[in-house]
file work_7.cif (mmCIF, C-alpha atoms)
data_start
loop_
_atom_site.label_atom_id
_atom_site.label_comp_id
_atom_site.auth_asym_id
_atom_site.auth_seq_id
_atom_site.Cartn_x
_atom_site.Cartn_y
_atom_site.Cartn_z
CA MET H 1 32.12 16.24 29.35
CA ALA H 2 33.23 15.94 25.73
CA PRO H 3 32.11 18.79 23.46
CA ALA H 4 29.12 18.02 21.25
CA ALA H 5 29.98 17.19 17.66
CA ALA H 6 29.27 20.00 15.22
CA GLN H 7 26.09 19.55 13.20
CA PRO H 8 26.70 18.91 9.49
CA PRO H 9 25.87 21.87 7.30
CA ALA H 10 22.77 21.99 5.11
CA PHE H 11 23.48 20.79 1.60
CA ASN H 12 22.03 19.50 -1.64
CA ALA H 13 23.76 16.72 -3.55
CA ILE H 14 24.53 15.92 -7.17
CA ILE H 15 25.22 12.26 -7.93
CA LEU H 16 26.95 11.53 -11.25
CA ALA H 17 25.68 8.23 -12.65
CA GLY H 18 25.57 8.64 -16.41
CA GLY H 19 28.97 7.65 -17.84
CA ARG H 20 29.55 5.21 -20.69
CA SER H 21 31.25 2.55 -18.50
CA SER H 22 33.33 1.67 -21.55
CA ARG H 23 35.91 -0.32 -19.58
CA LEU H 24 33.06 -2.39 -18.11
CA GLY H 25 31.72 -3.24 -21.55
CA GLY H 26 28.95 -0.68 -21.21
CA VAL H 27 27.47 -2.17 -18.02
CA PRO H 28 26.19 0.84 -16.02
CA LYS H 29 28.24 1.23 -12.87
CA ALA H 30 25.17 2.39 -10.97
CA GLU H 31 23.59 -1.06 -11.44
CA LEU H 32 26.47 -3.10 -10.04
CA ARG H 33 25.64 -4.75 -6.74
CA ILE H 34 27.73 -4.85 -3.60
CA ASP H 35 26.57 -6.18 -0.24
CA GLY H 36 23.02 -6.50 -1.55
CA GLN H 37 22.80 -2.91 -2.83
CA THR H 38 23.39 -1.30 -6.19
CA LEU H 39 26.19 1.24 -6.29
CA LEU H 40 23.56 3.93 -6.83
CA GLU H 41 21.68 2.89 -3.69
CA ARG H 42 24.92 2.73 -1.75
CA THR H 43 25.88 6.23 -2.93
CA LEU H 44 22.48 7.66 -2.05
CA GLY H 45 22.95 6.25 1.44
CA THR H 46 26.09 8.34 1.86
CA VAL H 47 24.14 11.56 1.11
CA ARG H 48 20.97 10.72 3.05
CA GLN H 49 21.25 14.03 4.97
CA ALA H 50 20.94 16.05 1.76
CA ARG H 51 17.81 18.15 1.31
CA SER H 52 17.50 17.47 -2.42
CA VAL H 53 19.47 15.08 -4.63
CA ALA H 54 19.86 15.43 -8.40
CA ILE H 55 20.93 12.14 -9.98
CA ALA H 56 22.64 12.93 -13.28
CA GLY H 57 22.00 9.86 -15.40
CA PRO H 58 19.41 8.14 -17.59
CA ALA H 59 15.95 7.76 -16.07
CA GLN H 60 16.09 3.99 -16.66
CA LEU H 61 18.50 3.86 -13.73
CA GLU H 62 15.38 3.96 -11.58
CA ALA H 63 15.61 0.19 -11.96
CA ALA H 64 18.76 0.36 -9.81
CA LEU H 65 16.64 1.61 -6.91
CA HIS H 66 13.90 -0.14 -4.95
CA ALA H 67 12.13 3.23 -5.05
CA VAL H 68 13.17 6.77 -5.86
CA PRO H 69 13.27 8.68 -2.56
CA PRO H 70 10.93 11.70 -2.58
CA HIS H 71 13.81 14.19 -2.31
CA CYS H 72 15.62 12.69 -5.33
CA PHE H 73 15.07 13.22 -9.03
CA PHE H 74 16.83 12.37 -12.30
CA VAL H 75 18.36 14.86 -14.70
CA ARG H 76 20.32 14.32 -17.92
CA GLU H 77 22.94 16.44 -19.66
CA GLU H 78 22.48 17.28 -23.33
CA PRO H 79 23.85 15.62 -25.32
CA ALA H 80 24.08 12.44 -23.29
CA PHE H 81 27.60 11.33 -22.34
CA ALA H 82 28.88 14.90 -22.64
CA GLY H 83 31.08 14.48 -19.58
CA PRO H 84 30.96 15.23 -15.86
CA ALA H 85 31.07 19.02 -16.20
CA ALA H 86 28.01 18.95 -18.48
CA ALA H 87 26.25 16.60 -16.06
CA VAL H 88 27.03 18.90 -13.13
CA GLY H 89 25.75 21.85 -15.17
CA ALA H 90 22.45 20.11 -15.91
CA ALA H 91 22.01 19.20 -12.25
CA VAL H 92 22.84 22.71 -11.03
CA THR H 93 20.30 24.18 -13.44
CA ALA H 94 17.65 21.68 -12.32
CA LEU H 95 18.30 22.39 -8.64
CA TYR H 96 18.69 26.16 -8.75
CA GLY H 97 17.50 27.51 -12.10
CA THR H 98 19.49 29.56 -14.57
CA ASP H 99 20.24 32.59 -12.39
CA THR H 100 23.94 32.49 -11.49
CA ALA H 101 24.10 35.30 -8.97
CA GLY H 102 24.23 32.84 -6.10
CA SER H 103 20.99 34.10 -4.58
CA ALA H 104 18.97 31.73 -2.41
CA GLU H 105 16.16 30.54 -4.66
CA PRO H 106 13.71 27.77 -3.76
CA VAL H 107 14.82 24.27 -4.68
CA PRO H 108 12.26 22.39 -6.81
CA GLY H 109 9.81 20.57 -4.56
CA ALA H 110 10.93 22.33 -1.40
CA GLY H 111 9.85 25.46 0.39
CA ASP H 112 13.23 26.28 1.90
CA PRO H 113 15.91 28.49 0.34
CA ALA H 114 18.80 26.76 -1.38
CA PRO H 115 21.33 25.50 1.18
CA PRO H 116 24.79 27.06 1.18
CA TRP H 117 26.58 23.87 0.13
CA THR H 118 26.25 21.46 -2.80
CA LEU H 119 27.98 18.08 -2.69
CA VAL H 120 29.16 16.58 -5.98
CA LEU H 121 29.83 12.85 -5.84
CA ALA H 122 30.45 10.17 -8.46
CA CYS H 123 28.42 7.01 -7.90
CA ASP H 124 31.32 4.63 -8.61
CA MET H 125 33.18 5.01 -5.29
CA PRO H 126 31.90 2.19 -3.03
CA ASP H 127 33.57 3.53 0.12
CA ALA H 128 32.72 7.19 -0.42
CA GLY H 129 31.02 7.51 2.96
CA GLY H 130 34.34 8.26 4.64
CA ALA H 131 35.10 11.04 2.17
CA VAL H 132 31.65 12.57 2.55
CA ARG H 133 31.93 12.58 6.34
CA ALA H 134 35.32 14.30 6.13
CA LEU H 135 33.99 16.96 3.76
CA LEU H 136 30.93 17.70 5.91
CA ALA H 137 33.02 17.84 9.08
CA GLU H 138 35.36 20.33 7.44
CA ALA H 139 32.41 22.51 6.41
CA ALA H 140 30.60 22.42 9.76
CA GLY H 141 30.44 25.95 11.10
CA GLU H 142 32.63 27.21 8.27
CA ALA H 143 31.43 29.81 5.76
CA GLY H 144 34.62 29.92 3.67
CA GLN H 145 35.78 28.31 0.47
CA SER H 146 34.56 25.25 -1.36
CA ILE H 147 36.17 22.00 -0.19
CA MET H 148 37.71 19.26 -2.33
CA ALA H 149 38.81 15.79 -1.26
CA LYS H 150 42.48 14.86 -1.53
CA ASP H 151 43.23 11.14 -1.58
CA SER H 152 46.17 9.36 0.02
CA SER H 153 48.27 9.80 -3.14
CA GLY H 154 47.76 13.57 -3.02
CA SER H 155 45.40 13.67 -6.01
CA LEU H 156 42.49 16.12 -5.93
CA GLN H 157 39.01 14.70 -6.45
CA PRO H 158 36.59 17.23 -8.00
CA LEU H 159 33.89 14.53 -8.07
CA ALA H 160 34.15 14.12 -4.31
CA ALA H 161 33.80 17.72 -3.25
CA LEU H 162 31.57 20.05 -1.26
CA TYR H 163 31.10 23.29 -3.14
CA ARG H 164 29.70 26.58 -2.01
CA THR H 165 26.40 26.66 -3.87
CA GLY H 166 27.03 30.18 -5.13
CA ASP H 167 30.48 29.16 -6.42
CA LEU H 168 29.05 26.23 -8.35
CA ARG H 169 26.20 28.24 -9.84
CA THR H 170 28.58 30.97 -10.96
CA ALA H 171 30.99 28.42 -12.44
CA VAL H 172 28.21 26.81 -14.48
CA GLY H 173 26.60 30.05 -15.59
CA GLY H 174 29.89 31.81 -16.27
CA GLN H 175 31.05 29.47 -19.03
CA PRO H 176 30.96 31.28 -22.39
CA GLY H 177 30.08 28.17 -24.38
CA SER H 178 28.85 24.63 -24.05
CA LEU H 179 29.94 22.45 -21.15
CA GLU H 180 30.18 19.45 -23.47
CA ASN H 181 33.46 17.58 -22.88
CA LEU H 182 34.74 20.36 -20.63
CA SER H 183 37.00 19.13 -17.84
CA MET H 184 35.90 19.64 -14.26
CA PHE H 185 38.98 21.74 -13.52
CA ARG H 186 38.18 24.01 -16.46
CA LEU H 187 34.65 24.38 -15.12
CA LEU H 188 36.09 25.27 -11.71
CA ALA H 189 38.76 27.63 -13.05
CA ARG H 190 37.45 30.60 -11.03
CA VAL H 191 36.41 28.66 -7.95
CA GLN H 192 38.68 28.83 -4.93
CA TRP H 193 38.79 25.76 -2.74
CA ARG H 194 40.68 24.28 0.12
CA VAL H 195 41.48 20.59 0.36
CA VAL H 196 40.75 18.02 3.03
CA ALA H 197 42.53 14.69 3.30
CA VAL H 198 40.01 11.85 3.22
CA PRO H 199 40.37 8.26 4.48
CA GLU H 200 42.47 5.96 2.33
CA GLY H 201 40.38 4.19 -0.29
CA SER H 202 37.31 6.35 0.20
CA THR H 203 37.60 7.84 -3.30
CA ALA H 204 38.77 4.65 -5.03
CA ASP H 205 36.48 4.10 -8.00
CA VAL H 206 35.25 1.17 -10.05
CA ASP H 207 36.51 1.70 -13.60
CA THR H 208 37.36 -1.86 -14.65
CA TRP H 209 36.28 -5.39 -13.81
CA ALA H 210 39.56 -5.72 -11.89
CA ASP H 211 38.49 -2.79 -9.71
CA ALA H 212 35.05 -4.32 -9.32
CA GLY H 213 36.53 -7.66 -8.31
CA LYS H 214 38.16 -6.08 -5.27
CA TRP H 215 34.63 -5.51 -3.97
CA GLY H 216 33.37 -8.95 -4.93
CA ILE H 217 31.57 -7.61 -8.01
CA ARG H 218 31.69 -9.88 -11.04
CA PRO H 219 30.23 -9.56 -14.55
CA GLY H 220 26.52 -10.22 -14.23
CA ASN H 221 26.44 -9.02 -10.62
CA ARG H 222 24.02 -6.22 -11.42
CA THR H 223 20.33 -5.43 -11.24
CA ALA H 224 18.04 -7.70 -13.19
#
call {"tool": "encode", "arguments": {"input": "work_7.cif", "output": "structure tokens"}}
result
Amino acid sequence: MAPAAAQPPAFNAIILAGGRSSRLGGVPKAELRIDGQTLLERTLGTVRQARSVAIAGPAQLEAALHAVPPHCFFVREEPAFAGPAAAVGAAVTALYGTDTAGSAEPVPGAGDPAPPWTLVLACDMPDAGGAVRALLAEAAGEAGQSIMAKDSSGSLQPLAALYRTGDLRTAVGGQPGSLENLSMFRLLARVQWRVVAVPEGSTADVDTWADAGKWGIRPGNRTA
């Protein structure tokens, strides 16, 4: 008999959906449609096992969803468009509060302690499901370091990563100044991680209309 597959670890998720989309003429990536879903809906499907999901982006992106799932909520960095590190910081604070000691505090709207893992995922990777599965499989039964995706070119992907919740809280709270325009790798300067190779294409993102065209997305192919 084949051994039973390890159960995925408990985790919360942070979805980054609030960029300027400048190379798409300002069209929000989260609203682009592929296979009948918006990219935001598609991304939420990849993290459906998460206990709580903080969507870092403008509240008007609710229009990109048929309905906001009860375990999801929107949060926005201040100032808006301050970069992914600032968005992660706002989401971490919303999920866990301002204490950075890594203690297990209740997540808003839930009675359970904070899970040990927090997934950070950009919403512009249409095939991210493969990366998420690889990250969760690597973390199953493992209480070690944070885990970051490595794509087929060898590049590290901090916006496709499964962080120890305590590591992420300490990284956000340990910054001496504002997170505005801070790079993700600066934010993670004191976080130790190991890497996991993810399926080819699973972290490919939609930055331009040429990228979008590979998925059959054309200008105007967005939510009404």
call {"tool": "closest_atom_pairs", "arguments": {"input": "work_7.cif", "of": "segment 14-46 of chain H", "to": "segment 151-170 of chain H", "cutoff": "10 Å", "atoms": "all atoms listed in the file", "output": "JSON lines"}}
result
{"residue": "H:Ile14", "atom": "CA", "partner": "H:Leu159", "partner_atom": "CA", "distance": 9.5}
{"residue": "H:Ile15", "atom": "CA", "partner": "H:Leu159", "partner_atom": "CA", "distance": 9.0}
{"residue": "H:Leu16", "atom": "CA", "partner": "H:Leu159", "partner_atom": "CA", "distance": 8.2}
call {"tool": "residues_around", "arguments": {"input": "work_7.cif", "residues": "Thr43 of chain H", "least_positions_apart": "4", "cutoff": "8 Å", "atoms": "only C-alpha atoms", "output": "PyMOL selection string"}}
result
chain H and resi 15+39+47+123+125-126+128-129
call {"tool": "atom_distance", "arguments": {"input": "work_7.cif", "atom1": "atom CA of Leu61 of chain H", "atom2": "atom CA of Ala80 of chain H"}}
result
14.0 Å
call {"tool": "residues_around", "arguments": {"input": "work_7.cif", "residues": "segment 179-186 of chain H", "least_positions_apart": "3", "cutoff": "9 Å", "atoms": "only C-alpha atoms", "output": "mmCIF file with C-alpha atoms, keeping the file's coordinate frame"}}
result
data_model
loop_
_atom_site.group_PDB
_atom_site.id
_atom_site.type_symbol
_atom_site.label_atom_id
_atom_site.label_comp_id
_atom_site.auth_asym_id
_atom_site.auth_seq_id
_atom_site.Cartn_x
_atom_site.Cartn_y
_atom_site.Cartn_z
ATOM 1 C CA GLU H 77 22.940 16.440 -19.660
ATOM 2 C CA GLU H 78 22.480 17.280 -23.330
ATOM 3 C CA PRO H 79 23.850 15.620 -25.320
ATOM 4 C CA PHE H 81 27.600 11.330 -22.340
ATOM 5 C CA ALA H 82 28.880 14.900 -22.640
ATOM 6 C CA GLY H 83 31.080 14.480 -19.580
ATOM 7 C CA PRO H 84 30.960 15.230 -15.860
ATOM 8 C CA ALA H 85 31.070 19.020 -16.200
ATOM 9 C CA ALA H 86 28.010 18.950 -18.480
ATOM 10 C CA ALA H 87 26.250 16.600 -16.060
ATOM 11 C CA VAL H 88 27.030 18.900 -13.130
ATOM 12 C CA GLY H 89 25.750 21.850 -15.170
ATOM 13 C CA PRO H 158 36.590 17.230 -8.000
ATOM 14 C CA LEU H 159 33.890 14.530 -8.070
ATOM 15 C CA VAL H 172 28.210 26.810 -14.480
ATOM 16 C CA GLN H 175 31.050 29.470 -19.030
ATOM 17 C CA PRO H 176 30.960 31.280 -22.390
ATOM 18 C CA ALA H 189 38.760 27.630 -13.050
ATOM 19 C CA ARG H 190 37.450 30.600 -11.030
#
call {"tool": "closest_residue", "arguments": {"input": "work_7.cif", "among": "H:Arg51, H:His66, H:Arg33, H:Lys214", "to": "Thr118 of chain H", "atoms": "only C-alpha atoms"}}
result
H:Arg51
call {"tool": "atom_distance", "arguments": {"input": "work_7.cif", "atom1": "atom CA of Val132 of chain H", "atom2": "atom CA of Thr46 of chain H"}}
result
7.0 Å
call {"tool": "residues_around", "arguments": {"input": "work_7.cif", "residues": "Gly57 of chain H", "least_positions_apart": "4", "cutoff": "6 Å", "atoms": "all atoms listed in the file", "output": "VMD selection string"}}
result
chain H and resid 17 to 18 76
call {"tool": "write_last_selection", "arguments": {"input": "work_7.cif", "atoms": "C-alpha atoms", "output": "tab-separated table (two decimals), in the coordinates of the input"}}
result
chain	number	residue	atom	x	y	z
H	17	ALA	CA	25.68	8.23	-12.65
H	18	GLY	CA	25.57	8.64	-16.41
H	76	ARG	CA	20.32	14.32	-17.92
call {"tool": "atom_distance", "arguments": {"input": "work_7.cif", "atom1": "atom CA of Trp209 of chain H", "atom2": "atom CA of Glu41 of chain H"}}
result
19.6 Å
call {"tool": "resolve_selection", "arguments": {"input": "work_7.cif", "expression": "the PyMOL selection byres ((chain H and resi 136) around 10)", "output": "PyMOL selection string"}}
result
chain H and resi 6-11+117+119+131-135+137-142+147+161-162
call {"tool": "write_last_selection", "arguments": {"input": "work_7.cif", "atoms": "C-alpha atoms", "output": "JSON list (two decimals), keeping the file's coordinate frame"}}
result
[["chain", "number", "residue", "atom", "x", "y", "z"],
["H", 6, "ALA", "CA", 29.27, 20.00, 15.22],
["H", 7, "GLN", "CA", 26.09, 19.55, 13.20],
["H", 8, "PRO", "CA", 26.70, 18.91, 9.49],
["H", 9, "PRO", "CA", 25.87, 21.87, 7.30],
["H", 10, "ALA", "CA", 22.77, 21.99, 5.11],
["H", 11, "PHE", "CA", 23.48, 20.79, 1.60],
["H", 117, "TRP", "CA", 26.58, 23.87, 0.13],
["H", 119, "LEU", "CA", 27.98, 18.08, -2.69],
["H", 131, "ALA", "CA", 35.10, 11.04, 2.17],
["H", 132, "VAL", "CA", 31.65, 12.57, 2.55],
["H", 133, "ARG", "CA", 31.93, 12.58, 6.34],
["H", 134, "ALA", "CA", 35.32, 14.30, 6.13],
["H", 135, "LEU", "CA", 33.99, 16.96, 3.76],
["H", 137, "ALA", "CA", 33.02, 17.84, 9.08],
["H", 138, "GLU", "CA", 35.36, 20.33, 7.44],
["H", 139, "ALA", "CA", 32.41, 22.51, 6.41],
["H", 140, "ALA", "CA", 30.60, 22.42, 9.76],
["H", 141, "GLY", "CA", 30.44, 25.95, 11.10],
["H", 142, "GLU", "CA", 32.63, 27.21, 8.27],
["H", 147, "ILE", "CA", 36.17, 22.00, -0.19],
["H", 161, "ALA", "CA", 33.80, 17.72, -3.25],
["H", 162, "LEU", "CA", 31.57, 20.05, -1.26]]
call {"tool": "closest_residue", "arguments": {"input": "work_7.cif", "among": "H:Ala56, H:Ala50, H:Leu40, H:Ala149", "to": "Val196 of chain H", "atoms": "all atoms listed in the file"}}
result
H:Ala149
call {"tool": "closest_residue", "arguments": {"input": "work_7.cif", "among": "H:Ala30, H:Gly213, H:Leu95, H:Thr203", "to": "Ala54 of chain H", "atoms": "only C-alpha atoms"}}
result
H:Leu95
call {"tool": "axis_aligned_box", "arguments": {"input": "work_7.cif", "around": "segment 151-170 of chain H", "padding_each_side": "4 Å", "output": "JSON"}}
result
{"center_x": 37.2, "center_y": 20.2, "center_z": -5.5, "size_x": 30.1, "size_y": 29.6, "size_z": 19.0}
call {"tool": "residues_around", "arguments": {"input": "work_7.cif", "residues": "Pro28 of chain H", "least_positions_apart": "3", "cutoff": "9 Å", "atoms": "all atoms listed in the file", "output": "list in words"}}
result
Ala17, Gly18, Gly19, Arg20, Ser21, Leu24, Gly25, Glu31, Leu32, Leu61 and Arg222 of chain H
call {"tool": "closest_residue", "arguments": {"input": "work_7.cif", "among": "H:Ile34, H:Val75, H:Val206, H:Met148", "to": "Trp193 of chain H", "atoms": "only C-alpha atoms"}}
result
H:Met148
call {"tool": "build_atoms", "arguments": {"input": "work_7.cif", "residues": "segment 51-62 of chain H", "atoms": "all heavy atoms", "output": "mmCIF file, in the coordinates of the input"}}
result
data_model
loop_
_atom_site.group_PDB
_atom_site.id
_atom_site.type_symbol
_atom_site.label_atom_id
_atom_site.label_comp_id
_atom_site.auth_asym_id
_atom_site.auth_seq_id
_atom_site.Cartn_x
_atom_site.Cartn_y
_atom_site.Cartn_z
ATOM 1 N N ARG H 51 19.200 17.704 1.460
ATOM 2 C CA ARG H 51 17.810 18.150 1.310
ATOM 3 C C ARG H 51 17.211 17.670 0.007
ATOM 4 O O ARG H 51 16.111 17.141 -0.044
ATOM 5 C CB ARG H 51 17.751 19.678 1.384
ATOM 6 C CG ARG H 51 18.035 20.253 2.759
ATOM 7 C CD ARG H 51 17.848 21.765 2.728
ATOM 8 N NE ARG H 51 18.145 22.378 4.014
ATOM 9 C CZ ARG H 51 18.162 23.687 4.214
ATOM 10 N NH1 ARG H 51 17.893 24.516 3.207
ATOM 11 N NH2 ARG H 51 18.447 24.177 5.404
ATOM 12 N N SER H 52 17.933 17.907 -1.100
ATOM 13 C CA SER H 52 17.500 17.470 -2.420
ATOM 14 C C SER H 52 18.693 16.825 -3.117
ATOM 15 O O SER H 52 19.837 17.246 -2.917
ATOM 16 C CB SER H 52 16.993 18.639 -3.265
ATOM 17 O OG SER H 52 15.808 19.182 -2.723
ATOM 18 N N VAL H 53 18.422 15.808 -3.925
ATOM 19 C CA VAL H 53 19.470 15.080 -4.630
ATOM 20 C C VAL H 53 19.124 15.011 -6.108
ATOM 21 O O VAL H 53 18.063 14.484 -6.476
ATOM 22 C CB VAL H 53 19.665 13.662 -4.080
ATOM 23 C CG1 VAL H 53 20.783 12.941 -4.832
ATOM 24 C CG2 VAL H 53 19.964 13.694 -2.580
ATOM 25 N N ALA H 54 19.993 15.544 -6.952
ATOM 26 C CA ALA H 54 19.860 15.430 -8.400
ATOM 27 C C ALA H 54 20.764 14.298 -8.864
ATOM 28 O O ALA H 54 21.983 14.359 -8.669
ATOM 29 C CB ALA H 54 20.229 16.736 -9.086
ATOM 30 N N ILE H 55 20.170 13.269 -9.460
ATOM 31 C CA ILE H 55 20.930 12.140 -9.980
ATOM 32 C C ILE H 55 21.126 12.377 -11.475
ATOM 33 O O ILE H 55 20.162 12.349 -12.248
ATOM 34 C CB ILE H 55 20.196 10.812 -9.751
ATOM 35 C CG1 ILE H 55 19.894 10.612 -8.260
ATOM 36 C CG2 ILE H 55 21.017 9.642 -10.291
ATOM 37 C CD1 ILE H 55 18.934 9.470 -7.977
ATOM 38 N N ALA H 56 22.351 12.642 -11.886
ATOM 39 C CA ALA H 56 22.640 12.930 -13.280
ATOM 40 C C ALA H 56 22.907 11.607 -13.996
ATOM 41 O O ALA H 56 23.988 11.026 -13.893
ATOM 42 C CB ALA H 56 23.845 13.861 -13.403
ATOM 43 N N GLY H 57 21.901 11.137 -14.705
ATOM 44 C CA GLY H 57 22.000 9.860 -15.400
ATOM 45 C C GLY H 57 20.682 9.551 -16.072
ATOM 46 O O GLY H 57 19.676 10.247 -15.869
ATOM 47 N N PRO H 58 20.648 8.484 -16.871
ATOM 48 C CA PRO H 58 19.410 8.140 -17.590
ATOM 49 C C PRO H 58 18.310 7.722 -16.624
ATOM 50 O O PRO H 58 18.570 7.075 -15.606
ATOM 51 C CB PRO H 58 19.839 6.982 -18.492
ATOM 52 C CG PRO H 58 21.046 6.403 -17.832
ATOM 53 C CD PRO H 58 21.749 7.553 -17.181
ATOM 54 N N ALA H 59 17.083 8.060 -16.955
ATOM 55 C CA ALA H 59 15.950 7.760 -16.070
ATOM 56 C C ALA H 59 15.758 6.269 -15.869
ATOM 57 O O ALA H 59 15.209 5.847 -14.848
ATOM 58 C CB ALA H 59 14.673 8.383 -16.645
ATOM 59 N N GLN H 60 16.250 5.440 -16.822
ATOM 60 C CA GLN H 60 16.090 3.990 -16.660
ATOM 61 C C GLN H 60 16.893 3.455 -15.482
ATOM 62 O O GLN H 60 16.688 2.312 -15.058
ATOM 63 C CB GLN H 60 16.443 3.230 -17.929
ATOM 64 C CG GLN H 60 17.824 3.469 -18.492
ATOM 65 C CD GLN H 60 17.806 4.510 -19.605
ATOM 66 O OE1 GLN H 60 17.044 5.473 -19.551
ATOM 67 N NE2 GLN H 60 18.625 4.294 -20.620
ATOM 68 N N LEU H 61 17.778 4.285 -14.919
ATOM 69 C CA LEU H 61 18.500 3.860 -13.730
ATOM 70 C C LEU H 61 17.583 3.758 -12.506
ATOM 71 O O LEU H 61 18.013 3.301 -11.457
ATOM 72 C CB LEU H 61 19.654 4.811 -13.422
ATOM 73 C CG LEU H 61 20.888 4.679 -14.313
ATOM 74 C CD1 LEU H 61 21.974 5.647 -13.864
ATOM 75 C CD2 LEU H 61 21.434 3.257 -14.322
ATOM 76 N N GLU H 62 16.345 4.191 -12.659
ATOM 77 C CA GLU H 62 15.380 3.960 -11.580
ATOM 78 C C GLU H 62 15.299 2.473 -11.232
ATOM 79 O O GLU H 62 14.988 2.106 -10.099
ATOM 80 C CB GLU H 62 13.990 4.472 -11.979
ATOM 81 C CG GLU H 62 13.892 5.986 -11.990
ATOM 82 C CD GLU H 62 12.461 6.455 -12.201
ATOM 83 O OE1 GLU H 62 11.529 5.694 -11.863
ATOM 84 O OE2 GLU H 62 12.269 7.574 -12.700
#
